[in-house]
Amino acid sequence: MNTLNKVRTGDTVSVVKIHGQGSTRRRIMDMGITKGTEVFVRKVAPLGDPIEVKVRGYELSIRKADAEMVEISG
């Protein structure tokens, strides 16, 4: 399974599914990361946490642990 935390800087991917439950899943979806959304990985911090992405026209920083819950394709 490919997840958002494994994507390299400069790649654009599409969200297939959000894993996780409860408030964590809801928080990810409230940030605009939903099924079918394109995500551009802008930067990754030196130690890999956080990951800066561009979603729906705005920039967002997401924790590595949350990025592991986002299944992607592309």
# chains A, B, ... in the order shown; residues from 1 in each chain; ligands from 1

$ residues_around --residues "Ile62 in chain A" --least-positions-apart "3" --cutoff "7 Å" --atoms "only C-alpha atoms" --output "ChimeraX atom specification"
/A:50-52,66-67

$ select_by_dssp --residues "chain A" --states "helix (DSSP H, G or I)" --output "PyMOL selection string"
chain A and resi 4-6+22-30+64-67

$ write_last_selection --atoms "N, CA and C atoms" --output "PDB file, in the first residue's frame"
ATOM      1  N   LEU A   4       1.000   8.524   1.816  1.00  0.00           N
ATOM      2  CA  LEU A   4       1.489   9.882   1.569  1.00  0.00           C
ATOM      3  C   LEU A   4       2.870  10.132   2.162  1.00  0.00           C
ATOM      4  N   ASN A   5       3.224   9.452   3.241  1.00  0.00           N
ATOM      5  CA  ASN A   5       4.528   9.684   3.855  1.00  0.00           C
ATOM      6  C   ASN A   5       5.683   9.123   3.025  1.00  0.00           C
ATOM      7  N   LYS A   6       5.409   8.309   2.007  1.00  0.00           N
ATOM      8  CA  LYS A   6       6.448   7.714   1.167  1.00  0.00           C
ATOM      9  C   LYS A   6       6.677   8.473  -0.141  1.00  0.00           C
ATOM     10  N   GLY A  22     -12.247   7.662  13.923  1.00  0.00           N
ATOM     11  CA  GLY A  22     -12.623   8.729  14.846  1.00  0.00           C
ATOM     12  C   GLY A  22     -12.095  10.095  14.503  1.00  0.00           C
ATOM     13  N   SER A  23     -11.625  10.783  15.550  1.00  0.00           N
ATOM     14  CA  SER A  23     -11.233  12.181  15.412  1.00  0.00           C
ATOM     15  C   SER A  23     -10.015  12.374  14.516  1.00  0.00           C
ATOM     16  N   THR A  24      -9.113  11.403  14.489  1.00  0.00           N
ATOM     17  CA  THR A  24      -7.920  11.521  13.634  1.00  0.00           C
ATOM     18  C   THR A  24      -8.321  11.541  12.168  1.00  0.00           C
ATOM     19  N   ARG A  25      -9.171  10.625  11.777  1.00  0.00           N
ATOM     20  CA  ARG A  25      -9.646  10.578  10.387  1.00  0.00           C
ATOM     21  C   ARG A  25     -10.423  11.853  10.040  1.00  0.00           C
ATOM     22  N   ARG A  26     -11.270  12.294  10.936  1.00  0.00           N
ATOM     23  CA  ARG A  26     -12.069  13.500  10.707  1.00  0.00           C
ATOM     24  C   ARG A  26     -11.160  14.719  10.548  1.00  0.00           C
ATOM     25  N   ARG A  27     -10.091  14.817  11.352  1.00  0.00           N
ATOM     26  CA  ARG A  27      -9.159  15.945  11.273  1.00  0.00           C
ATOM     27  C   ARG A  27      -8.476  15.988   9.915  1.00  0.00           C
ATOM     28  N   ILE A  28      -8.054  14.828   9.418  1.00  0.00           N
ATOM     29  CA  ILE A  28      -7.406  14.763   8.109  1.00  0.00           C
ATOM     30  C   ILE A  28      -8.382  15.206   7.014  1.00  0.00           C
ATOM     31  N   MET A  29      -9.608  14.740   7.099  1.00  0.00           N
ATOM     32  CA  MET A  29     -10.612  15.106   6.097  1.00  0.00           C
ATOM     33  C   MET A  29     -10.982  16.582   6.198  1.00  0.00           C
ATOM     34  N   ASP A  30     -11.012  17.146   7.403  1.00  0.00           N
ATOM     35  CA  ASP A  30     -11.313  18.565   7.583  1.00  0.00           C
ATOM     36  C   ASP A  30     -10.232  19.460   6.990  1.00  0.00           C
ATOM     37  N   LYS A  64       3.920  13.191   9.966  1.00  0.00           N
ATOM     38  CA  LYS A  64       4.267  11.937   9.299  1.00  0.00           C
ATOM     39  C   LYS A  64       3.293  10.826   9.701  1.00  0.00           C
ATOM     40  N   ALA A  65       2.910  10.781  10.972  1.00  0.00           N
ATOM     41  CA  ALA A  65       1.976   9.757  11.460  1.00  0.00           C
ATOM     42  C   ALA A  65       0.610   9.884  10.782  1.00  0.00           C
ATOM     43  N   ASP A  66       0.166  11.112  10.535  1.00  0.00           N
ATOM     44  CA  ASP A  66      -1.107  11.313   9.840  1.00  0.00           C
ATOM     45  C   ASP A  66      -0.979  10.982   8.360  1.00  0.00           C
ATOM     46  N   ALA A  67       0.176  11.295   7.770  1.00  0.00           N
ATOM     47  CA  ALA A  67       0.405  11.001   6.357  1.00  0.00           C
ATOM     48  C   ALA A  67       0.407   9.498   6.090  1.00  0.00           C
TER      49      ALA A  67
END

$ select_by_dssp --residues "chain A" --states "strand (DSSP E or B)" --output "number ranges by chain"
A: 3, 12-18, 38-44, 51-55, 58-62, 70-73

$ closest_residue --among "A:Ser61, A:Lys35, A:Ala45, A:Val53" --to "Thr12 in chain A" --atoms "only C-alpha atoms"
A:Val53

$ atom_distance --atom1 "CA of Phe40 in chain A" --atom2 "CA of Gly57 in chain A"
9.9 Å

$ residues_around --residues "range 36-38 of chain A" --least-positions-apart "6" --cutoff "6 Å" --atoms "only C-alpha atoms" --output "PDB file with N, CA and C atoms, in the first residue's frame"
ATOM      1  N   VAL A  13       0.165  13.295  -6.298  1.00  0.00           N
ATOM      2  CA  VAL A  13      -0.523  12.015  -6.165  1.00  0.00           C
ATOM      3  C   VAL A  13      -2.008  12.259  -5.924  1.00  0.00           C
ATOM      4  N   SER A  14      -2.788  11.197  -6.054  1.00  0.00           N
ATOM      5  CA  SER A  14      -4.219  11.271  -5.827  1.00  0.00           C
ATOM      6  C   SER A  14      -4.586  10.409  -4.620  1.00  0.00           C
ATOM      7  N   VAL A  15      -5.471  10.924  -3.774  1.00  0.00           N
ATOM      8  CA  VAL A  15      -5.882  10.203  -2.568  1.00  0.00           C
ATOM      9  C   VAL A  15      -6.875   9.114  -2.945  1.00  0.00           C
TER      10      VAL A  15
END

$ residues_around --residues "Met69 in chain A" --least-positions-apart "6" --cutoff "8 Å" --atoms "only C-alpha atoms" --output "ChimeraX atom specification"
/A:3-4,18-20

$ closest_residue --among "A:Thr9, A:Gln21, A:Ser73, A:Thr34" --to "Pro46 in chain A" --atoms "only C-alpha atoms"
A:Thr9

$ decode --residues "range 39-51 of chain A" --atoms "N, CA, C and O atoms" --output "compact mmCIF listing (two decimals), in the first residue's frame"
# COMPACT_ATOMS: atom_id res chain seq x y z
N VAL A 39 -2.80 15.80 -4.35
CA VAL A 39 -1.91 16.35 -3.34
C VAL A 39 -0.52 16.48 -3.95
O VAL A 39 0.02 15.52 -4.48
N PHE A 40 0.05 17.68 -3.86
CA PHE A 40 1.41 17.96 -4.34
C PHE A 40 2.32 18.06 -3.13
O PHE A 40 2.08 18.87 -2.23
N VAL A 41 3.36 17.24 -3.08
CA VAL A 41 4.31 17.27 -1.96
C VAL A 41 5.34 18.35 -2.25
O VAL A 41 6.15 18.23 -3.16
N ARG A 42 5.30 19.41 -1.46
CA ARG A 42 6.15 20.57 -1.66
C ARG A 42 7.50 20.43 -0.99
O ARG A 42 8.53 20.68 -1.60
N LYS A 43 7.51 20.05 0.28
CA LYS A 43 8.75 19.92 1.05
C LYS A 43 8.60 18.83 2.10
O LYS A 43 7.49 18.56 2.54
N VAL A 44 9.72 18.26 2.50
CA VAL A 44 9.76 17.34 3.63
C VAL A 44 10.86 17.83 4.56
O VAL A 44 11.96 18.14 4.12
N ALA A 45 10.54 17.93 5.84
CA ALA A 45 11.52 18.40 6.82
C ALA A 45 12.72 17.45 6.87
O ALA A 45 12.61 16.28 6.50
N PRO A 46 13.86 17.93 7.32
CA PRO A 46 15.08 17.11 7.33
C PRO A 46 14.93 15.75 8.02
O PRO A 46 15.49 14.77 7.56
N LEU A 47 14.19 15.68 9.09
CA LEU A 47 13.99 14.41 9.77
C LEU A 47 12.71 13.71 9.33
O LEU A 47 12.31 12.71 9.91
N GLY A 48 12.05 14.25 8.30
CA GLY A 48 10.86 13.60 7.74
C GLY A 48 9.55 14.00 8.38
O GLY A 48 8.50 13.51 7.99
N ASP A 49 9.57 14.90 9.35
CA ASP A 49 8.33 15.28 10.03
C ASP A 49 8.39 16.76 10.35
O ASP A 49 9.32 17.19 11.06
N PRO A 50 7.51 17.61 9.87
CA PRO A 50 6.32 17.34 9.08
C PRO A 50 6.57 17.34 7.57
O PRO A 50 7.68 17.61 7.12
N ILE A 51 5.50 17.09 6.84
CA ILE A 51 5.53 17.09 5.37
C ILE A 51 4.66 18.26 4.92
O ILE A 51 3.53 18.39 5.37
